[in-house]
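Here the structure is laid out as structure tokens; the discussion comes afterwards.
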Amino acid sequence: MNKNLSKYFPLFVLPTLAAFAAAFIVPFAMGLYLSFCKFTTVGNAEFTGFANYARIFSNSDFTNALWFTVKFTAVSIITVNIFAFCLALLLTKGIKGTNVFRTIFFMPNLIGGIVLGYIWNLIINGVLAGFGVDITYKAEYGFWGLVILTNWQMIGYMMVIYIAGLQNIPKELIQAAYIDGATGRQALFKITIPMVMPSVTICTFLTLTNAFKLFDQNLALTAGAPARQTSMLALDIYNTFYGRVGWQGVGQAKAVIFFLIVALIAFIQLRLTGQREERA
Amino acid sequence: MDIAITNGGSPKKETKNKGGKPFKNAWAVLLLIILAALFIFPILVVFLNSFKTKFSIMGRPFELPTAETFAGLDNYITGIKSADIPAAFGRSLFITAGSVAALVLFTSMTAWYIVRSNSPLCKGIYSLFTFSMIVPFQMVMYTMTYVVTKIGLNNPIGIIFVYLGFGAGLSVFMLAGFVKSVPYELEEAAQIDGCNPVQTFFGIVMPILRPTAVTVAILNAMWIWNDYLLPYLILGTGNKTLPVAIQIAMQGAYGSVNWGGFMAMLVLAILPIIIFYLIGQKYIIEGVIAGAVKG
């Protein structure tokens, strides 16, 4: 079969591979190289070693964005997962209309980031108008605006994963606990929560990567205002690339660091959840 | 009676076992209704404001339309024209449909070939596909825009090819995972009957792949329909997709945003998704979650 198959390589693999090379492989390799160059267009790149990486820290934009992103991600992980887990508990109690609620809670997840950002821009500014200010008045407003938006977007999603996890717990376990005289709270903390730990891990990492890479929502909700104080990493990289001539190399160097952080998170996740998906 | 229903039993039966706690459940239902209202509220506000005149939106979005502020369908008729929304809507639809079709067809073929061939070359290609899944877009956005423009793909048809390349990682990964579970004997039988790989793939394999192909299609459709930065960088403002048109309408017109038209745009961006969602809800939730858990 293998010999016979190989002459079909151009038909089966080449279209995808050609597109993949143009959209990913070549740009990735170029990006890596350009992070060590000074350039304003790809054509005039000049090798400068680690100069771009050093220049990242010549102002505090990147470290501010990193700190903002880390704070935002940490708060989002906690809030999204607590709300999602509680909703999942409520929706596995066998209440009537469970499916309708599930449909409603999941829906925001399907709406695109730009649209989400402007929906919440309207709502939050509507509320703040009562106090005579808007979301760009203070960085805290933008921060909590993003947290609320992210919760609205991701809770339903994580909830569905938790529901699946909860439904996998054998009912005998809980019933046995009740027969042995456990209270509801004991059953929850001693049985239910330990049994859904795999779902907790999945949801934590999903929230982590999604929150960490947030771009569209950030752009539409605050665009970094006031004074770049609410810029997350992805937006800061974008602004470095396209906002300042001569800083493209620095933008690319920031992108490489961003990539390394995201790859590290993915690597840790893979180690924690087991390598069962990695077998080729 | 209680143990018998463990796996297949619907959640409904479980509460009955515990011996009615109607009082507790009533509070839970009330809580859920309040939360559901909170979840729908933002969408409802946008929807209501899309029927208000443009000066009665900013700063007071929570007021219901009154006789004075009611704009009828005006925002939908005149408000969206200025921003080329009908064209952007059609373009988004075309790009999404074209890219999803290309992705499903080509990545299925690739995934099957990679698994069945199992040569070192294919294993290497597969590793690259999986690697691409963890690379954030910002890493390649600048150079990809350059490469794609250089080879003339910066148009609504060319971008389909770009989406094929950029979506290939996750799609091949998911489809290959499924192909591995398909028994090889079926294909062997087809071969003995004289089928060549093309006939075997389209006659035997593709129908079996359908459930995963649907998942892949849904995941990619949601991503491409909502995608902003990639089409903005590649197509620019000359060939706006819907998210790009929305962003431009907002950022391009400092101080003079037509809020009425803008609300109508948001509704037009949300509406197809909600309709799509209500029709294929089960597949969509399963599909989106499958993509998440694996990716």
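By convention in this document, the chains of the structure tokens carry letters A, B, ... by their order, each chain's residues are numbered from 1, and ligands are numbered from 1 in the order they are shown.
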
### Message
Give me, as a ChimeraX atom specification, all polymer residues having an atom no more than 8 Å from region 207-218 of chain A, counting only C-alpha atoms and skipping those fewer than 6 positions away in the same chain.
### Response
/A:69-70,72-74,76-77,80,113-117,146,150,154,224,230-235,262,265 /B:136,228-229

Mind writing the picked residues with N, CA and C atoms as a short mmCIF file (atom, residue, chain, number, x, y, z; two decimals), in the first residue's frame?
```cif
data_model
loop_
_atom_site.label_atom_id
_atom_site.label_comp_id
_atom_site.auth_asym_id
_atom_site.auth_seq_id
_atom_site.Cartn_x
_atom_site.Cartn_y
_atom_site.Cartn_z
N THR A 69 -1.67 41.90 31.62
CA THR A 69 -2.17 40.63 31.09
C THR A 69 -2.18 39.55 32.17
N VAL A 70 -1.10 39.52 32.96
CA VAL A 70 -1.02 38.50 34.01
C VAL A 70 -2.12 38.71 35.05
N PHE A 72 -4.97 40.33 34.67
CA PHE A 72 -6.26 40.06 34.03
C PHE A 72 -6.49 38.55 33.91
N THR A 73 -5.46 37.82 33.49
CA THR A 73 -5.59 36.38 33.31
C THR A 73 -5.88 35.69 34.64
N ALA A 74 -5.15 36.09 35.68
CA ALA A 74 -5.35 35.46 36.98
C ALA A 74 -6.77 35.68 37.48
N SER A 76 -9.42 36.40 35.72
CA SER A 76 -10.38 35.72 34.85
C SER A 76 -10.44 34.23 35.13
N ILE A 77 -9.28 33.61 35.33
CA ILE A 77 -9.27 32.17 35.59
C ILE A 77 -10.14 31.86 36.81
N VAL A 80 -14.10 33.05 36.11
CA VAL A 80 -14.77 32.25 35.09
C VAL A 80 -15.01 30.83 35.61
N GLY A 113 -14.99 38.53 18.85
CA GLY A 113 -14.36 39.42 19.82
C GLY A 113 -14.63 40.89 19.57
N ILE A 114 -14.58 41.32 18.31
CA ILE A 114 -14.81 42.72 18.00
C ILE A 114 -16.23 43.13 18.39
N VAL A 115 -17.19 42.29 18.02
CA VAL A 115 -18.59 42.58 18.33
C VAL A 115 -18.81 42.56 19.84
N LEU A 116 -18.24 41.56 20.51
CA LEU A 116 -18.32 41.48 21.97
C LEU A 116 -17.81 42.76 22.62
N GLY A 117 -16.67 43.22 22.12
CA GLY A 117 -16.05 44.42 22.68
C GLY A 117 -16.98 45.62 22.57
N LEU A 146 -12.99 44.40 30.97
CA LEU A 146 -12.47 43.22 30.26
C LEU A 146 -12.79 41.94 31.04
N THR A 150 -15.01 38.99 29.53
CA THR A 150 -14.44 37.65 29.41
C THR A 150 -15.30 36.62 30.14
N MET A 154 -16.87 33.42 28.36
CA MET A 154 -16.30 32.09 28.58
C MET A 154 -17.06 31.21 29.57
N GLY A 224 -6.70 50.04 24.62
CA GLY A 224 -5.54 50.38 25.43
C GLY A 224 -5.73 51.64 26.27
N THR A 230 -4.37 50.01 29.49
CA THR A 230 -5.13 48.76 29.43
C THR A 230 -4.75 47.92 28.21
N SER A 231 -3.54 48.14 27.69
CA SER A 231 -3.05 47.32 26.59
C SER A 231 -2.60 45.97 27.12
N MET A 232 -3.13 44.92 26.50
CA MET A 232 -2.59 43.60 26.83
C MET A 232 -1.44 43.29 25.89
N LEU A 233 -0.78 42.14 26.10
CA LEU A 233 0.42 41.83 25.31
C LEU A 233 0.16 41.86 23.80
N ALA A 234 -0.90 41.17 23.37
CA ALA A 234 -1.14 41.07 21.93
C ALA A 234 -1.35 42.45 21.31
N LEU A 235 -2.07 43.30 22.02
CA LEU A 235 -2.32 44.65 21.50
C LEU A 235 -1.05 45.48 21.51
N VAL A 262 3.56 31.50 25.55
CA VAL A 262 2.39 30.68 25.20
C VAL A 262 2.80 29.21 25.02
N ILE A 265 3.31 27.61 28.37
CA ILE A 265 2.01 27.26 28.98
C ILE A 265 1.48 25.97 28.36
N PRO B 136 0.97 31.74 18.63
CA PRO B 136 -0.02 32.82 18.56
C PRO B 136 0.11 33.60 17.25
N TYR B 228 -10.98 39.00 12.85
CA TYR B 228 -10.81 40.41 12.50
C TYR B 228 -9.42 40.72 11.96
N LEU B 229 -8.38 40.34 12.70
CA LEU B 229 -7.05 40.86 12.38
C LEU B 229 -6.50 40.33 11.05
#
```

### Task
From region 192-252 of chain A, collect each residue whose DSSP state is helix (DSSP H, G or I) and return the set as a VMD selection string.
chain A and resid 192 to 195 197 to 212 216 to 221 233 to 243 248 to 252

### Message
With distances taken over only C-alpha atoms, which residue among A:Val196, A:Ile179, A:Ala225, A:Gln252 lies nearest chain B?
### Response
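Of the candidates, the smallest distance to chain B is held by A:Gln252.
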
### Task
Tell me which protein, DNA and RNA residues are within 7 Å of Thr16 (chain A), counting only C-alpha atoms, leaving out same-chain ones fewer than 3 positions away, and put them as a count of residues only.
9

### Message
Please report the interatomic distance between CA of Glu140 (chain A) and CA of Phe68 (chain A) in Å with one decimal.
### Response
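Distance reported for this atom pair: 10.5 Å.
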
### Task
Measuring atom to atom with only C-alpha atoms, identify which of B:Ile284, B:Leu30, B:Leu44, B:Met109 is nearest to chain A.
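Counting only C-alpha atoms, the residue closest to chain A is B:Met109.
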
Do you know which residues are at most 12 Å from Val46 (chain B) counting only C-alpha atoms, after dropping those on the same chain fewer than 2 positions away, and could you put them as an mmCIF file with N, CA, C and O atoms, in the first residue's frame?
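Okay, result-v9.cif is ready:
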```
data_model
loop_
_atom_site.group_PDB
_atom_site.id
_atom_site.type_symbol
_atom_site.label_atom_id
_atom_site.label_comp_id
_atom_site.auth_asym_id
_atom_site.auth_seq_id
_atom_site.Cartn_x
_atom_site.Cartn_y
_atom_site.Cartn_z
ATOM 1 N N VAL A 115 -17.187 42.294 18.017
ATOM 2 C CA VAL A 115 -18.588 42.585 18.332
ATOM 3 C C VAL A 115 -18.810 42.563 19.843
ATOM 4 O O VAL A 115 -19.443 43.464 20.404
ATOM 5 N N LEU A 116 -18.238 41.563 20.507
ATOM 6 C CA LEU A 116 -18.321 41.485 21.969
ATOM 7 C C LEU A 116 -17.809 42.765 22.615
ATOM 8 O O LEU A 116 -18.416 43.308 23.531
ATOM 9 N N TYR A 118 -17.613 45.785 21.427
ATOM 10 C CA TYR A 118 -18.484 46.955 21.254
ATOM 11 C C TYR A 118 -19.802 46.810 21.985
ATOM 12 O O TYR A 118 -20.377 47.808 22.434
ATOM 13 N N ILE A 119 -20.299 45.591 22.135
ATOM 14 C CA ILE A 119 -21.510 45.396 22.938
ATOM 15 C C ILE A 119 -21.248 45.888 24.357
ATOM 16 O O ILE A 119 -22.001 46.677 24.922
ATOM 17 N N TRP A 120 -20.119 45.465 24.925
ATOM 18 C CA TRP A 120 -19.828 45.840 26.311
ATOM 19 C C TRP A 120 -19.374 47.283 26.432
ATOM 20 O O TRP A 120 -19.570 47.907 27.469
ATOM 21 N N ASN A 121 -18.786 47.796 25.379
ATOM 22 C CA ASN A 121 -18.460 49.212 25.355
ATOM 23 C C ASN A 121 -19.736 50.037 25.538
ATOM 24 O O ASN A 121 -19.795 50.965 26.341
ATOM 25 N N LEU A 122 -20.775 49.647 24.816
ATOM 26 C CA LEU A 122 -22.070 50.329 24.905
ATOM 27 C C LEU A 122 -22.659 50.203 26.311
ATOM 28 O O LEU A 122 -23.092 51.194 26.914
ATOM 29 N N ILE A 123 -22.668 48.968 26.838
ATOM 30 C CA ILE A 123 -23.284 48.730 28.146
ATOM 31 C C ILE A 123 -22.520 49.463 29.254
ATOM 32 O O ILE A 123 -23.110 50.181 30.065
ATOM 33 N N GLY A 126 -22.797 53.083 29.069
ATOM 34 C CA GLY A 126 -24.156 53.456 29.460
ATOM 35 C C GLY A 126 -24.288 53.579 30.963
ATOM 36 O O GLY A 126 -24.913 54.508 31.477
ATOM 37 N N ILE B 40 -28.650 37.469 28.595
ATOM 38 C CA ILE B 40 -29.295 37.931 27.364
ATOM 39 C C ILE B 40 -29.294 39.453 27.283
ATOM 40 O O ILE B 40 -29.261 40.026 26.202
ATOM 41 N N PHE B 41 -29.299 40.089 28.464
ATOM 42 C CA PHE B 41 -29.454 41.538 28.538
ATOM 43 C C PHE B 41 -28.582 42.335 27.542
ATOM 44 O O PHE B 41 -29.114 43.153 26.798
ATOM 45 N N PRO B 42 -27.254 42.089 27.476
ATOM 46 C CA PRO B 42 -26.442 42.900 26.558
ATOM 47 C C PRO B 42 -26.878 42.786 25.102
ATOM 48 O O PRO B 42 -26.905 43.786 24.378
ATOM 49 N N ILE B 43 -27.249 41.570 24.691
ATOM 50 C CA ILE B 43 -27.682 41.393 23.304
ATOM 51 C C ILE B 43 -28.995 42.123 23.071
ATOM 52 O O ILE B 43 -29.197 42.780 22.044
ATOM 53 N N LEU B 44 -29.868 42.041 24.072
ATOM 54 C CA LEU B 44 -31.166 42.704 23.978
ATOM 55 C C LEU B 44 -31.000 44.216 23.865
ATOM 56 O O LEU B 44 -31.686 44.875 23.073
ATOM 57 N N LEU B 48 -32.420 46.450 20.836
ATOM 58 C CA LEU B 48 -33.371 47.557 21.023
ATOM 59 C C LEU B 48 -32.795 48.869 20.497
ATOM 60 O O LEU B 48 -33.493 49.648 19.856
ATOM 61 N N ASN B 49 -31.511 49.087 20.747
ATOM 62 C CA ASN B 49 -30.914 50.341 20.307
ATOM 63 C C ASN B 49 -30.804 50.449 18.794
ATOM 64 O O ASN B 49 -30.703 51.540 18.260
ATOM 65 N N SER B 50 -30.828 49.312 18.137
ATOM 66 C CA SER B 50 -30.738 49.357 16.676
ATOM 67 C C SER B 50 -32.021 49.941 16.072
ATOM 68 O O SER B 50 -32.069 50.233 14.885
ATOM 69 N N PHE B 51 -33.042 50.112 16.908
ATOM 70 C CA PHE B 51 -34.280 50.721 16.423
ATOM 71 C C PHE B 51 -34.455 52.145 16.941
ATOM 72 O O PHE B 51 -35.517 52.729 16.824
ATOM 73 N N LYS B 52 -33.388 52.692 17.538
ATOM 74 C CA LYS B 52 -33.475 54.061 18.043
ATOM 75 C C LYS B 52 -32.706 55.018 17.138
ATOM 76 O O LYS B 52 -31.788 54.619 16.425
ATOM 77 N N ILE B 57 -28.661 57.029 21.554
ATOM 78 C CA ILE B 57 -28.050 55.753 21.927
ATOM 79 C C ILE B 57 -26.881 55.954 22.891
ATOM 80 O O ILE B 57 -26.900 55.487 24.017
ATOM 81 N N MET B 58 -25.876 56.683 22.439
ATOM 82 C CA MET B 58 -24.677 56.898 23.228
ATOM 83 C C MET B 58 -25.020 57.521 24.581
ATOM 84 O O MET B 58 -25.709 58.519 24.656
ATOM 85 N N ARG B 60 -27.083 56.711 26.796
ATOM 86 C CA ARG B 60 -28.357 56.268 27.378
ATOM 87 C C ARG B 60 -28.908 55.044 26.645
ATOM 88 O O ARG B 60 -30.008 55.064 26.100
ATOM 89 N N PRO B 61 -28.118 53.989 26.637
ATOM 90 C CA PRO B 61 -28.530 52.796 25.900
ATOM 91 C C PRO B 61 -29.674 52.028 26.563
ATOM 92 O O PRO B 61 -30.297 51.200 25.925
ATOM 93 N N PHE B 62 -29.938 52.325 27.845
ATOM 94 C CA PHE B 62 -30.938 51.510 28.538
ATOM 95 C C PHE B 62 -32.353 52.059 28.413
ATOM 96 O O PHE B 62 -33.297 51.474 28.917
ATOM 97 N N GLU B 63 -32.486 53.220 27.743
ATOM 98 C CA GLU B 63 -33.828 53.747 27.541
ATOM 99 C C GLU B 63 -34.503 52.994 26.406
ATOM 100 O O GLU B 63 -33.915 52.773 25.356
ATOM 101 N N LEU B 64 -35.737 52.629 26.641
ATOM 102 C CA LEU B 64 -36.480 51.964 25.570
ATOM 103 C C LEU B 64 -36.807 52.990 24.494
ATOM 104 O O LEU B 64 -36.915 54.180 24.776
ATOM 105 N N PRO B 65 -36.956 52.526 23.252
ATOM 106 C CA PRO B 65 -37.344 53.479 22.212
ATOM 107 C C PRO B 65 -38.709 54.109 22.538
ATOM 108 O O PRO B 65 -39.637 53.416 22.946
ATOM 109 N N TRP B 259 -24.280 56.051 15.436
ATOM 110 C CA TRP B 259 -24.541 54.991 16.407
ATOM 111 C C TRP B 259 -25.713 54.116 16.009
ATOM 112 O O TRP B 259 -25.729 52.925 16.316
ATOM 113 N N GLY B 260 -26.686 54.696 15.323
ATOM 114 C CA GLY B 260 -27.837 53.896 14.896
ATOM 115 C C GLY B 260 -27.408 52.835 13.910
ATOM 116 O O GLY B 260 -27.673 51.641 14.077
ATOM 117 N N GLY B 261 -26.689 53.278 12.879
ATOM 118 C CA GLY B 261 -26.187 52.340 11.885
ATOM 119 C C GLY B 261 -25.247 51.320 12.522
ATOM 120 O O GLY B 261 -25.251 50.142 12.161
ATOM 121 N N PHE B 262 -24.481 51.798 13.498
ATOM 122 C CA PHE B 262 -23.522 50.914 14.157
ATOM 123 C C PHE B 262 -24.229 49.786 14.913
ATOM 124 O O PHE B 262 -23.816 48.624 14.858
ATOM 125 N N MET B 263 -25.310 50.128 15.589
ATOM 126 C CA MET B 263 -26.085 49.088 16.287
ATOM 127 C C MET B 263 -26.643 48.077 15.289
ATOM 128 O O MET B 263 -26.643 46.871 15.529
ATOM 129 N N ALA B 264 -27.127 48.581 14.157
ATOM 130 C CA ALA B 264 -27.674 47.684 13.134
ATOM 131 C C ALA B 264 -26.584 46.728 12.627
ATOM 132 O O ALA B 264 -26.825 45.545 12.408
ATOM 133 N N MET B 265 -25.366 47.256 12.487
ATOM 134 C CA MET B 265 -24.240 46.409 12.063
ATOM 135 C C MET B 265 -23.996 45.292 13.062
ATOM 136 O O MET B 265 -23.779 44.145 12.683
ATOM 137 N N LEU B 266 -23.983 45.657 14.348
ATOM 138 C CA LEU B 266 -23.743 44.641 15.372
ATOM 139 C C LEU B 266 -24.812 43.556 15.290
ATOM 140 O O LEU B 266 -24.511 42.362 15.360
ATOM 141 N N VAL B 267 -26.062 43.974 15.120
ATOM 142 C CA VAL B 267 -27.143 42.989 15.025
ATOM 143 C C VAL B 267 -26.913 42.077 13.820
ATOM 144 O O VAL B 267 -27.048 40.851 13.912
ATOM 145 N N LEU B 268 -26.510 42.674 12.696
ATOM 146 C CA LEU B 268 -26.281 41.866 11.497
ATOM 147 C C LEU B 268 -25.115 40.894 11.666
ATOM 148 O O LEU B 268 -25.077 39.844 11.036
ATOM 149 N N ALA B 269 -24.156 41.263 12.499
ATOM 150 C CA ALA B 269 -23.027 40.358 12.736
ATOM 151 C C ALA B 269 -23.426 39.211 13.669
ATOM 152 O O ALA B 269 -22.924 38.100 13.550
ATOM 153 N N ILE B 270 -24.336 39.509 14.611
ATOM 154 C CA ILE B 270 -24.724 38.502 15.597
ATOM 155 C C ILE B 270 -25.786 37.560 15.048
ATOM 156 O O ILE B 270 -25.752 36.353 15.301
ATOM 157 N N LEU B 271 -26.740 38.136 14.296
ATOM 158 C CA LEU B 271 -27.921 37.382 13.887
ATOM 159 C C LEU B 271 -27.629 36.065 13.163
ATOM 160 O O LEU B 271 -28.183 35.023 13.534
#
```

### Message
Need to verify the contact set: Lys240 (chain B), 12 Å, only C-alpha atoms, exclusion of same-chain residues closer than 3 positions in sequence. Can you return it as a PyMOL selection string?
### Response
chain B and resi 83-93+95+154-156+227-237+243-249

#### Entry: Proximity to chain A - best of B:Val214, B:Leu105, B:Cys122, B:Val135, only C-alpha atoms
B:Val135

## Note on the structure
Counting only C-alpha atoms, the residue among A:Ala84, A:Met107, A:Val100, A:Ala266 that lies closest to Ile155 (chain A) is A:Ala84

### Task
Do a neighbour search on Phe241 (chain A) at 10 Å with only C-alpha atoms, toss out local chain neighbours closer than 5 positions, and write the hits as JSON, numbers by chain.
{"A": [40, 235, 236, 246, 247, 248, 249, 250, 251, 252, 254, 255], "B": [138, 141, 142]}

Given the selection you just returned, output its residues as a file containing N, CA and C atoms, formatted as a compact mmCIF listing (two decimals), in the first residue's frame.
```txt
# COMPACT_ATOMS: atom_id res chain seq x y z
N THR A 40 12.46 48.18 8.28
CA THR A 40 11.18 48.87 8.18
C THR A 40 10.28 48.13 7.19
N LEU A 235 -2.07 43.30 22.02
CA LEU A 235 -2.32 44.65 21.50
C LEU A 235 -1.05 45.48 21.51
N ASP A 236 -0.23 45.31 22.53
CA ASP A 236 1.03 46.04 22.60
C ASP A 236 1.95 45.63 21.44
N GLY A 246 10.15 52.06 12.35
CA GLY A 246 11.47 51.78 12.90
C GLY A 246 11.43 50.82 14.08
N TRP A 247 10.21 50.50 14.56
CA TRP A 247 10.09 49.62 15.71
C TRP A 247 9.62 48.22 15.33
N GLN A 248 9.54 47.94 14.01
CA GLN A 248 9.05 46.63 13.57
C GLN A 248 9.85 45.49 14.17
N GLY A 249 11.18 45.66 14.21
CA GLY A 249 12.03 44.61 14.76
C GLY A 249 11.72 44.36 16.22
N VAL A 250 11.46 45.44 16.95
CA VAL A 250 11.12 45.31 18.37
C VAL A 250 9.78 44.58 18.50
N GLY A 251 8.84 44.93 17.61
CA GLY A 251 7.53 44.24 17.62
C GLY A 251 7.71 42.75 17.41
N GLN A 252 8.57 42.39 16.47
CA GLN A 252 8.79 40.98 16.19
C GLN A 252 9.49 40.29 17.36
N LYS A 254 9.18 41.15 20.49
CA LYS A 254 8.13 40.98 21.50
C LYS A 254 7.26 39.77 21.15
N ALA A 255 6.97 39.62 19.85
CA ALA A 255 6.14 38.51 19.41
C ALA A 255 6.80 37.17 19.72
N GLN B 138 0.18 36.68 16.56
CA GLN B 138 1.08 37.84 16.54
C GLN B 138 2.50 37.47 16.10
N MET B 141 2.08 37.40 12.17
CA MET B 141 1.18 38.29 11.42
C MET B 141 1.92 39.21 10.44
N TYR B 142 3.04 39.74 10.88
CA TYR B 142 3.73 40.69 10.01
C TYR B 142 4.33 40.01 8.78
```
